[in-house]
$ cat upload-v2.pdb   # PDB, C-alpha atoms and all ligand atoms
ATOM      1  CA  MET R   1     112.919  91.917  54.141  1.00  0.00           C
ATOM      2  CA  SER R   2     109.976  93.200  56.189  1.00  0.00           C
ATOM      3  CA  GLN R   3     110.686  94.731  59.589  1.00  0.00           C
ATOM      4  CA  ILE R   4     108.698  93.745  62.693  1.00  0.00           C
ATOM      5  CA  LEU R   5     107.656  96.851  64.586  1.00  0.00           C
ATOM      6  CA  SER R   6     107.064  96.721  68.334  1.00  0.00           C
ATOM      7  CA  VAL R   7     103.673  98.437  68.149  1.00  0.00           C
ATOM      8  CA  PRO R   8     101.379  97.087  70.883  1.00  0.00           C
ATOM      9  CA  LEU R   9      98.215  95.483  69.510  1.00  0.00           C
ATOM     10  CA  ILE R  10      95.095  96.725  71.261  1.00  0.00           C
ATOM     11  CA  SER R  11      91.750  94.974  70.835  1.00  0.00           C
ATOM     12  CA  THR R  12      88.440  96.757  70.452  1.00  0.00           C
ATOM     13  CA  GLN R  13      87.436  95.736  73.968  1.00  0.00           C
ATOM     14  CA  ASP R  14      90.700  97.128  75.320  1.00  0.00           C
ATOM     15  CA  THR R  15      90.047 100.377  73.441  1.00  0.00           C
ATOM     16  CA  LEU R  16      86.671 100.626  75.185  1.00  0.00           C
ATOM     17  CA  LYS R  17      88.238  99.855  78.575  1.00  0.00           C
ATOM     18  CA  GLN R  18      90.794 102.576  77.937  1.00  0.00           C
ATOM     19  CA  GLN R  19      88.033 105.051  77.007  1.00  0.00           C
ATOM     20  CA  ALA R  20      86.121 104.283  80.213  1.00  0.00           C
ATOM     21  CA  ALA R  21      89.328 104.779  82.212  1.00  0.00           C
ATOM     22  CA  ARG R  22      90.009 108.118  80.503  1.00  0.00           C
ATOM     23  CA  ALA R  23      86.454 109.274  81.169  1.00  0.00           C
ATOM     24  CA  ALA R  24      86.939 108.478  84.874  1.00  0.00           C
ATOM     25  CA  LEU R  25      90.158 110.467  84.902  1.00  0.00           C
ATOM     26  CA  GLU R  26      88.400 113.447  83.329  1.00  0.00           C
ATOM     27  CA  ARG R  27      85.586 113.151  85.854  1.00  0.00           C
ATOM     28  CA  ILE R  28      87.844 113.150  88.929  1.00  0.00           C
ATOM     29  CA  THR R  29      90.520 115.626  87.829  1.00  0.00           C
ATOM     30  CA  PRO R  30      88.589 118.879  88.539  1.00  0.00           C
ATOM     31  CA  LYS R  31      87.820 117.708  92.100  1.00  0.00           C
ATOM     32  CA  LEU R  32      91.372 116.726  93.077  1.00  0.00           C
ATOM     33  CA  THR R  33      93.484 118.700  95.514  1.00  0.00           C
ATOM     34  CA  THR R  34      96.994 118.028  96.794  1.00  0.00           C
ATOM     35  CA  LYS R  35      95.331 116.398  99.836  1.00  0.00           C
ATOM     36  CA  SER R  36      93.161 113.995  97.806  1.00  0.00           C
ATOM     37  CA  ILE R  37      93.434 110.241  98.233  1.00  0.00           C
ATOM     38  CA  VAL R  38      92.436 108.163  95.209  1.00  0.00           C
ATOM     39  CA  GLY R  39      91.290 104.568  95.769  1.00  0.00           C
ATOM     40  CA  VAL R  40      92.343 102.225  92.993  1.00  0.00           C
ATOM     41  CA  GLY R  41      90.798  98.878  92.048  1.00  0.00           C
ATOM     42  CA  THR R  42      92.232  95.899  90.220  1.00  0.00           C
ATOM     43  CA  GLY R  43      92.056  94.435  86.723  1.00  0.00           C
ATOM     44  CA  SER R  44      92.724  95.278  83.108  1.00  0.00           C
ATOM     45  CA  THR R  45      90.313  98.244  82.954  1.00  0.00           C
ATOM     46  CA  THR R  46      91.778  99.645  86.161  1.00  0.00           C
ATOM     47  CA  ASN R  47      95.271  99.182  84.748  1.00  0.00           C
ATOM     48  CA  PHE R  48      94.344 101.654  81.999  1.00  0.00           C
ATOM     49  CA  PHE R  49      93.114 103.999  84.728  1.00  0.00           C
ATOM     50  CA  ILE R  50      96.384 103.654  86.677  1.00  0.00           C
ATOM     51  CA  ASP R  51      98.390 104.435  83.550  1.00  0.00           C
ATOM     52  CA  ALA R  52      96.261 107.544  82.952  1.00  0.00           C
ATOM     53  CA  LEU R  53      96.410 108.532  86.626  1.00  0.00           C
ATOM     54  CA  ALA R  54     100.197 108.720  86.380  1.00  0.00           C
ATOM     55  CA  GLU R  55      99.819 111.778  84.127  1.00  0.00           C
ATOM     56  CA  ILE R  56      98.228 113.746  86.988  1.00  0.00           C
ATOM     57  CA  LYS R  57     100.131 112.283  89.951  1.00  0.00           C
ATOM     58  CA  HIS R  58     101.227 115.788  91.017  1.00  0.00           C
ATOM     59  CA  MET R  59      97.557 116.745  91.536  1.00  0.00           C
ATOM     60  CA  PHE R  60      96.764 114.440  94.476  1.00  0.00           C
ATOM     61  CA  ASP R  61      98.428 113.200  97.656  1.00  0.00           C
ATOM     62  CA  ALA R  62      98.380 109.418  97.339  1.00  0.00           C
ATOM     63  CA  ALA R  63      96.582 106.297  96.196  1.00  0.00           C
ATOM     64  CA  VAL R  64      95.096 103.520  98.300  1.00  0.00           C
ATOM     65  CA  SER R  65      95.299 100.219  96.479  1.00  0.00           C
ATOM     66  CA  SER R  66      93.049  97.151  96.437  1.00  0.00           C
ATOM     67  CA  SER R  67      95.690  94.559  95.532  1.00  0.00           C
ATOM     68  CA  GLU R  68      99.385  93.790  95.443  1.00  0.00           C
ATOM     69  CA  ALA R  69      99.220  93.888  91.627  1.00  0.00           C
ATOM     70  CA  SER R  70      97.760  97.399  91.522  1.00  0.00           C
ATOM     71  CA  THR R  71     100.181  98.557  94.214  1.00  0.00           C
ATOM     72  CA  ALA R  72     103.100  97.402  92.082  1.00  0.00           C
ATOM     73  CA  ARG R  73     101.725  99.157  88.989  1.00  0.00           C
ATOM     74  CA  LEU R  74     101.065 102.385  90.907  1.00  0.00           C
ATOM     75  CA  LYS R  75     104.584 102.347  92.358  1.00  0.00           C
ATOM     76  CA  ASP R  76     106.089 101.644  88.935  1.00  0.00           C
ATOM     77  CA  HIS R  77     104.510 104.924  87.846  1.00  0.00           C
ATOM     78  CA  GLY R  78     105.967 106.740  90.862  1.00  0.00           C
ATOM     79  CA  ILE R  79     102.549 107.170  92.485  1.00  0.00           C
ATOM     80  CA  HIS R  80     102.694 107.299  96.284  1.00  0.00           C
ATOM     81  CA  VAL R  81     100.662 104.410  97.774  1.00  0.00           C
ATOM     82  CA  MET R  82      99.339 104.654 101.317  1.00  0.00           C
ATOM     83  CA  ASP R  83      97.983 102.014 103.667  1.00  0.00           C
ATOM     84  CA  LEU R  84      94.254 102.451 104.251  1.00  0.00           C
ATOM     85  CA  ASN R  85      94.918 102.467 108.007  1.00  0.00           C
ATOM     86  CA  ALA R  86      97.082 105.547 107.574  1.00  0.00           C
ATOM     87  CA  THR R  87      94.544 107.583 105.611  1.00  0.00           C
ATOM     88  CA  PRO R  88      91.726 109.518 107.269  1.00  0.00           C
ATOM     89  CA  HIS R  89      89.613 109.404 104.115  1.00  0.00           C
ATOM     90  CA  VAL R  90      89.430 108.202 100.520  1.00  0.00           C
ATOM     91  CA  ASP R  91      87.944 110.814  98.182  1.00  0.00           C
ATOM     92  CA  VAL R  92      87.112 108.581  95.268  1.00  0.00           C
ATOM     93  CA  TYR R  93      87.458 104.922  94.298  1.00  0.00           C
ATOM     94  CA  VAL R  94      87.780 103.820  90.668  1.00  0.00           C
ATOM     95  CA  ASP R  95      87.460 100.169  89.665  1.00  0.00           C
ATOM     96  CA  GLY R  96      86.169  97.839  86.970  1.00  0.00           C
ATOM     97  CA  ALA R  97      83.552  95.104  87.269  1.00  0.00           C
ATOM     98  CA  ASP R  98      82.615  91.749  85.818  1.00  0.00           C
ATOM     99  CA  GLU R  99      78.918  92.652  85.610  1.00  0.00           C
ATOM    100  CA  ALA R 100      76.871  95.796  86.274  1.00  0.00           C
ATOM    101  CA  ASN R 101      73.079  96.060  86.405  1.00  0.00           C
ATOM    102  CA  PRO R 102      70.907  99.186  85.872  1.00  0.00           C
ATOM    103  CA  ALA R 103      70.892  99.830  89.654  1.00  0.00           C
ATOM    104  CA  ARG R 104      74.724 100.074  89.498  1.00  0.00           C
ATOM    105  CA  GLN R 105      75.028  96.885  91.554  1.00  0.00           C
ATOM    106  CA  LEU R 106      78.002  94.786  90.527  1.00  0.00           C
ATOM    107  CA  ILE R 107      79.653  91.409  90.433  1.00  0.00           C
ATOM    108  CA  LYS R 108      83.390  91.706  91.000  1.00  0.00           C
ATOM    109  CA  GLY R 109      86.271  89.407  91.821  1.00  0.00           C
ATOM    110  CA  ALA R 110      87.458  87.730  88.624  1.00  0.00           C
ATOM    111  CA  GLY R 111      90.837  89.222  89.506  1.00  0.00           C
ATOM    112  CA  ALA R 112      90.672  87.698  93.016  1.00  0.00           C
ATOM    113  CA  ALA R 113      90.782  91.112  94.731  1.00  0.00           C
ATOM    114  CA  LEU R 114      87.118  91.387  95.790  1.00  0.00           C
ATOM    115  CA  THR R 115      87.689  91.687  99.541  1.00  0.00           C
ATOM    116  CA  ARG R 116      90.147  94.571  99.428  1.00  0.00           C
ATOM    117  CA  GLU R 117      88.127  96.142  96.612  1.00  0.00           C
ATOM    118  CA  LYS R 118      85.004  96.102  98.776  1.00  0.00           C
ATOM    119  CA  ILE R 119      86.919  97.586 101.699  1.00  0.00           C
ATOM    120  CA  VAL R 120      88.329 100.490  99.696  1.00  0.00           C
ATOM    121  CA  ALA R 121      85.001 101.058  97.893  1.00  0.00           C
ATOM    122  CA  SER R 122      83.281 101.217 101.261  1.00  0.00           C
ATOM    123  CA  ALA R 123      85.845 103.724 102.568  1.00  0.00           C
ATOM    124  CA  ALA R 124      85.471 106.080  99.611  1.00  0.00           C
ATOM    125  CA  ASP R 125      83.192 109.101  99.329  1.00  0.00           C
ATOM    126  CA  GLU R 126      82.435 108.189  95.724  1.00  0.00           C
ATOM    127  CA  PHE R 127      82.721 104.898  93.812  1.00  0.00           C
ATOM    128  CA  ILE R 128      83.169 105.233  90.060  1.00  0.00           C
ATOM    129  CA  CYS R 129      82.917 101.951  88.169  1.00  0.00           C
ATOM    130  CA  ILE R 130      84.457 101.759  84.699  1.00  0.00           C
ATOM    131  CA  VAL R 131      83.338  99.105  82.221  1.00  0.00           C
ATOM    132  CA  ASP R 132      83.033  98.341  78.562  1.00  0.00           C
ATOM    133  CA  GLU R 133      79.532  97.606  77.310  1.00  0.00           C
ATOM    134  CA  SER R 134      79.989  93.807  77.488  1.00  0.00           C
ATOM    135  CA  LYS R 135      79.695  94.028  81.294  1.00  0.00           C
ATOM    136  CA  LEU R 136      76.100  95.353  81.321  1.00  0.00           C
ATOM    137  CA  VAL R 137      73.339  92.934  82.333  1.00  0.00           C
ATOM    138  CA  ASP R 138      69.728  93.177  83.463  1.00  0.00           C
ATOM    139  CA  THR R 139      70.133  90.551  86.202  1.00  0.00           C
ATOM    140  CA  LEU R 140      73.443  89.769  87.901  1.00  0.00           C
ATOM    141  CA  GLY R 141      74.685  86.191  87.861  1.00  0.00           C
ATOM    142  CA  ALA R 142      75.458  85.104  84.314  1.00  0.00           C
ATOM    143  CA  PHE R 143      79.082  85.703  85.327  1.00  0.00           C
ATOM    144  CA  PRO R 144      80.181  83.189  88.019  1.00  0.00           C
ATOM    145  CA  LEU R 145      79.996  84.917  91.404  1.00  0.00           C
ATOM    146  CA  PRO R 146      83.340  84.870  93.277  1.00  0.00           C
ATOM    147  CA  VAL R 147      83.231  84.047  96.994  1.00  0.00           C
ATOM    148  CA  GLU R 148      86.414  84.326  99.094  1.00  0.00           C
ATOM    149  CA  VAL R 149      86.589  81.639 101.777  1.00  0.00           C
ATOM    150  CA  ILE R 150      88.826  80.635 104.652  1.00  0.00           C
ATOM    151  CA  PRO R 151      90.676  77.583 103.209  1.00  0.00           C
ATOM    152  CA  MET R 152      89.532  75.129 105.943  1.00  0.00           C
ATOM    153  CA  ALA R 153      85.883  76.030 105.199  1.00  0.00           C
ATOM    154  CA  ARG R 154      86.017  75.529 101.423  1.00  0.00           C
ATOM    155  CA  SER R 155      83.910  72.339 101.315  1.00  0.00           C
ATOM    156  CA  LEU R 156      81.501  73.552 103.992  1.00  0.00           C
ATOM    157  CA  VAL R 157      80.862  76.824 102.162  1.00  0.00           C
ATOM    158  CA  ALA R 158      80.554  74.967  98.849  1.00  0.00           C
ATOM    159  CA  ARG R 159      77.764  72.784 100.303  1.00  0.00           C
ATOM    160  CA  ARG R 160      75.935  75.877 101.579  1.00  0.00           C
ATOM    161  CA  LEU R 161      76.226  77.470  98.128  1.00  0.00           C
ATOM    162  CA  VAL R 162      74.685  74.364  96.558  1.00  0.00           C
ATOM    163  CA  ASP R 163      71.833  74.631  99.119  1.00  0.00           C
ATOM    164  CA  LEU R 164      71.338  78.216  97.917  1.00  0.00           C
ATOM    165  CA  GLY R 165      70.973  76.988  94.329  1.00  0.00           C
ATOM    166  CA  GLY R 166      74.452  77.612  92.883  1.00  0.00           C
ATOM    167  CA  GLN R 167      77.184  75.427  91.405  1.00  0.00           C
ATOM    168  CA  PRO R 168      80.430  76.397  93.184  1.00  0.00           C
ATOM    169  CA  VAL R 169      83.740  75.664  91.487  1.00  0.00           C
ATOM    170  CA  TRP R 170      86.996  75.976  93.443  1.00  0.00           C
ATOM    171  CA  ARG R 171      89.429  78.354  91.650  1.00  0.00           C
ATOM    172  CA  GLU R 172      92.209  75.861  92.279  1.00  0.00           C
ATOM    173  CA  GLY R 173      95.742  77.210  92.430  1.00  0.00           C
ATOM    174  CA  VAL R 174      94.641  80.764  93.250  1.00  0.00           C
ATOM    175  CA  THR R 175      95.317  82.236  96.692  1.00  0.00           C
ATOM    176  CA  THR R 176      94.078  85.765  97.380  1.00  0.00           C
ATOM    177  CA  ASP R 177      96.289  88.556  98.707  1.00  0.00           C
ATOM    178  CA  ASN R 178      94.699  87.728 102.089  1.00  0.00           C
ATOM    179  CA  GLY R 179      95.815  84.072 101.975  1.00  0.00           C
ATOM    180  CA  ASN R 180      92.348  82.708 101.259  1.00  0.00           C
ATOM    181  CA  TRP R 181      90.714  80.633  98.506  1.00  0.00           C
ATOM    182  CA  LEU R 182      87.966  81.381  96.003  1.00  0.00           C
ATOM    183  CA  LEU R 183      84.799  79.590  94.962  1.00  0.00           C
ATOM    184  CA  ASP R 184      83.163  80.762  91.717  1.00  0.00           C
ATOM    185  CA  VAL R 185      79.419  80.165  91.848  1.00  0.00           C
ATOM    186  CA  HIS R 186      77.992  79.228  88.434  1.00  0.00           C
ATOM    187  CA  ASP R 187      74.313  79.097  87.388  1.00  0.00           C
ATOM    188  CA  PHE R 188      73.391  81.560  90.107  1.00  0.00           C
ATOM    189  CA  ALA R 189      71.046  84.315  88.927  1.00  0.00           C
ATOM    190  CA  VAL R 190      70.781  87.027  91.594  1.00  0.00           C
ATOM    191  CA  PRO R 191      67.489  88.958  91.256  1.00  0.00           C
ATOM    192  CA  ASP R 192      67.887  90.539  94.714  1.00  0.00           C
ATOM    193  CA  PRO R 193      71.597  91.401  95.118  1.00  0.00           C
ATOM    194  CA  LEU R 194      71.158  93.225  98.449  1.00  0.00           C
ATOM    195  CA  ALA R 195      69.499  90.206 100.079  1.00  0.00           C
ATOM    196  CA  MET R 196      71.910  87.677  98.559  1.00  0.00           C
ATOM    197  CA  GLU R 197      74.971  89.721  99.568  1.00  0.00           C
ATOM    198  CA  ALA R 198      73.775  89.616 103.189  1.00  0.00           C
ATOM    199  CA  THR R 199      72.882  85.915 103.007  1.00  0.00           C
ATOM    200  CA  LEU R 200      76.328  84.996 101.700  1.00  0.00           C
ATOM    201  CA  ASN R 201      78.046  87.170 104.292  1.00  0.00           C
ATOM    202  CA  ASN R 202      76.265  85.144 106.972  1.00  0.00           C
ATOM    203  CA  VAL R 203      77.697  81.791 105.861  1.00  0.00           C
ATOM    204  CA  ALA R 204      80.439  80.759 108.310  1.00  0.00           C
ATOM    205  CA  GLY R 205      83.768  80.603 106.501  1.00  0.00           C
ATOM    206  CA  VAL R 206      82.875  83.253 103.902  1.00  0.00           C
ATOM    207  CA  VAL R 207      85.276  86.193 104.044  1.00  0.00           C
ATOM    208  CA  CYS R 208      83.596  88.233 101.327  1.00  0.00           C
ATOM    209  CA  ASN R 209      81.425  87.773  98.262  1.00  0.00           C
ATOM    210  CA  GLY R 210      81.656  89.499  94.900  1.00  0.00           C
ATOM    211  CA  LEU R 211      78.231  91.148  95.057  1.00  0.00           C
ATOM    212  CA  PHE R 212      78.634  94.910  95.430  1.00  0.00           C
ATOM    213  CA  ALA R 213      75.075  95.909  96.307  1.00  0.00           C
ATOM    214  CA  VAL R 214      75.428  97.597  99.710  1.00  0.00           C
ATOM    215  CA  ASP R 215      78.391  99.424  98.231  1.00  0.00           C
ATOM    216  CA  ALA R 216      77.013  99.742  94.714  1.00  0.00           C
ATOM    217  CA  ALA R 217      78.759 102.161  92.387  1.00  0.00           C
ATOM    218  CA  ASP R 218      77.693 105.803  92.547  1.00  0.00           C
ATOM    219  CA  VAL R 219      78.228 106.019  88.839  1.00  0.00           C
ATOM    220  CA  VAL R 220      79.022 103.449  86.162  1.00  0.00           C
ATOM    221  CA  ILE R 221      80.961 104.808  83.190  1.00  0.00           C
ATOM    222  CA  VAL R 222      80.192 102.612  80.184  1.00  0.00           C
ATOM    223  CA  ALA R 223      82.308 102.722  77.064  1.00  0.00           C
ATOM    224  CA  ALA R 224      80.425 101.401  74.044  1.00  0.00           C
ATOM    225  CA  SER R 225      81.076 101.458  70.325  1.00  0.00           C
ATOM    226  CA  SER R 226      78.417 104.192  70.148  1.00  0.00           C
ATOM    227  CA  GLY R 227      80.238 106.360  72.730  1.00  0.00           C
ATOM    228  CA  VAL R 228      80.864 106.763  76.456  1.00  0.00           C
ATOM    229  CA  ARG R 229      77.909 107.274  78.804  1.00  0.00           C
ATOM    230  CA  GLU R 230      77.180 107.283  82.532  1.00  0.00           C
ATOM    231  CA  ILE R 231      74.610 105.277  84.446  1.00  0.00           C
TER     232      ILE R 231
HETATM  233  C1  LIG Y 301      89.116  92.166  90.177  1.00  0.00           C
HETATM  234  C2  LIG Y 301      87.840  92.751  89.677  1.00  0.00           C
HETATM  235  C3  LIG Y 301      87.893  93.444  88.370  1.00  0.00           C
HETATM  236  O1  LIG Y 301      87.504  94.770  88.546  1.00  0.00           O
HETATM  237  C4  LIG Y 301      86.960  92.758  87.421  1.00  0.00           C
HETATM  238  O2  LIG Y 301      87.315  91.406  87.337  1.00  0.00           O
HETATM  239  C5  LIG Y 301      87.015  93.396  86.027  1.00  0.00           C
HETATM  240  O3  LIG Y 301      88.257  93.145  85.467  1.00  0.00           O
HETATM  241  P1  LIG Y 301      88.653  93.656  84.030  1.00  0.00           P
HETATM  242  O4  LIG Y 301      88.708  95.139  84.102  1.00  0.00           O
HETATM  243  O5  LIG Y 301      89.989  93.024  83.776  1.00  0.00           O
HETATM  244  O6  LIG Y 301      87.617  93.181  83.043  1.00  0.00           O
HETATM  245  O7  LIG Y 301      86.816  92.689  90.285  1.00  0.00           O
HETATM  246  O8  LIG Y 301      88.934  91.460  91.373  1.00  0.00           O
END
$ encode --input "upload-v2.pdb" --output "structure tokens" --more "lines below"
Ligand code: 5RP
Amino acid sequence: MSQILSVPLISTQDTLKQQAARAALERITPKLTTKSIVGVGTGSTTNFFIDALAEIKHMFDAAVSSSEASTARLKDHGIHVMDLNATPHVDVYVDGADEANPARQLIKGAGAALTREKIVASAADEFICIVDESKLVDTLGAFPLPVEVIPMARSLVARRLVDLGGQPVWREGVTTDNGNWLLDVHDFAVPDPLAMEATLNNVAGVVCNGLFAVDAADVVIVAASSGVREI
């Protein structure tokens, strides 16, 4: 009789995500001191980074997390997690993305953590984005753009998004860590991410949008079948 082994199956895309995460770890390790604070994003690529980060948890002071899910994973690894309000600085922030363009501008938020991600990214001295090659695009917007909204403003914001040329879809059943709702804007190519990020931020009822253009990544680590490279 054949025996079923509990060997975890890992897809090619997961292998690439893991390679990007490892490359980020190698990039930050030489700069860490026992006073360093590491900002941590959210998502499957970041989960590989958290797992790798656990190996060097003695080399830095604490992590600042962008979601309840990442906080739980960090704590499971015995990594000290601090509140952003209690930290004077964040040395580096590492996070994945749903899309990245050649200017290192991003769409983020498929994991519903965009608002806290943008806050921690903005607080950090350096933002390292880790992606597999499937996330690279020339123009942002093929991936539906997440917009976090105050629940009472969902329909109002949706109408404004239609006026701006998009097709918003309510991510029904999902409430963010901040108690808000999400609209995913389909068919919404974004040739000027800086301008569109500001426009969306000015719509009453919008808490945050998934364009990371003001706080674009300082470096995007891309894991491809041909190897790992930096943009
Ligand atoms: C969560 C995010 C994630 O970074 C983004 O969705 C990428 O996720 P994954 O690494 O699972 O592909 O923005 O809000």
$ atom_distance --input "upload-v2.pdb" --atom1 "CA of Leu182 (chain R)" --atom2 "CA of Asp91 (chain R)"
29.5 Å
$ closest_atom_pairs --input "upload-v2.pdb" --of "chain R" --to "ligand LIG 301 (chain Y)" --cutoff "8 Å" --atoms "only C-alpha atoms and all ligand atoms" --output "CSV"
residue,atom,partner,partner_atom,distance
R:Lys17,CA,Y:LIG301,O4,7.3
R:Gly41,CA,Y:LIG301,O1,6.3
R:Thr42,CA,Y:LIG301,C1,4.9
R:Gly43,CA,Y:LIG301,O5,3.9
R:Ser44,CA,Y:LIG301,O5,3.6
R:Thr45,CA,Y:LIG301,O4,3.7
R:Thr46,CA,Y:LIG301,O4,5.8
R:Asn47,CA,Y:LIG301,O4,7.7
R:Asp95,CA,Y:LIG301,O1,5.5
R:Gly96,CA,Y:LIG301,O1,3.7
R:Ala97,CA,Y:LIG301,C5,4.1
R:Asp98,CA,Y:LIG301,C5,4.7
R:Ile107,CA,Y:LIG301,O7,7.3
R:Lys108,CA,Y:LIG301,O7,3.6
R:Gly109,CA,Y:LIG301,O8,3.4
R:Ala110,CA,Y:LIG301,O2,3.9
R:Gly111,CA,Y:LIG301,C1,3.5
R:Ala112,CA,Y:LIG301,O8,4.5
R:Ala113,CA,Y:LIG301,O8,3.8
R:Leu114,CA,Y:LIG301,O8,4.8
R:Glu117,CA,Y:LIG301,O8,7.1
R:Ile130,CA,Y:LIG301,O4,7.9
R:Val131,CA,Y:LIG301,O4,6.9
R:Gly210,CA,Y:LIG301,O7,7.6
$ residues_around --input "upload-v2.pdb" --residues "region 156-166 of chain R" --least-positions-apart "4" --cutoff "8 Å" --atoms "all atoms listed in the file" --output "list of chain:residue names"
R:Val149, R:Leu183, R:Val185, R:His186, R:Asp187, R:Phe188, R:Val203, R:Ala204, R:Gly205, R:Val206
$ resolve_selection --input "upload-v2.pdb" --expression "the PyMOL selection byres (((chain R and resi 63) around 6) and not hetatm)" --output "MDAnalysis selection string"
chainID R and resid 37:39 62 64 81
$ closest_residue --input "upload-v2.pdb" --among "R:Thr15, R:Gly173, R:Glu99, R:Ile79" --to "Ala223 (chain R)" --atoms "all atoms listed in the file"
R:Thr15
$ resolve_selection --input "upload-v2.pdb" --expression "the PyMOL selection byres (((chain R and resi 212-218) around 6) and not hetatm)" --output "mmCIF file with C-alpha atoms, keeping the file's coordinate frame"
data_model
loop_
_atom_site.group_PDB
_atom_site.id
_atom_site.type_symbol
_atom_site.label_atom_id
_atom_site.label_comp_id
_atom_site.auth_asym_id
_atom_site.auth_seq_id
_atom_site.Cartn_x
_atom_site.Cartn_y
_atom_site.Cartn_z
ATOM 1 C CA ARG R 104 74.724 100.074 89.498
ATOM 2 C CA GLN R 105 75.028 96.885 91.554
ATOM 3 C CA LEU R 106 78.002 94.786 90.527
ATOM 4 C CA PHE R 127 82.721 104.898 93.812
ATOM 5 C CA ILE R 128 83.169 105.233 90.060
ATOM 6 C CA CYS R 129 82.917 101.951 88.169
ATOM 7 C CA PRO R 193 71.597 91.401 95.118
ATOM 8 C CA LEU R 194 71.158 93.225 98.449
ATOM 9 C CA LEU R 211 78.231 91.148 95.057
ATOM 10 C CA VAL R 219 78.228 106.019 88.839
#
$ atom_distance --input "upload-v2.pdb" --atom1 "CA of Met152 (chain R)" --atom2 "CA of Asn85 (chain R)"
27.9 Å
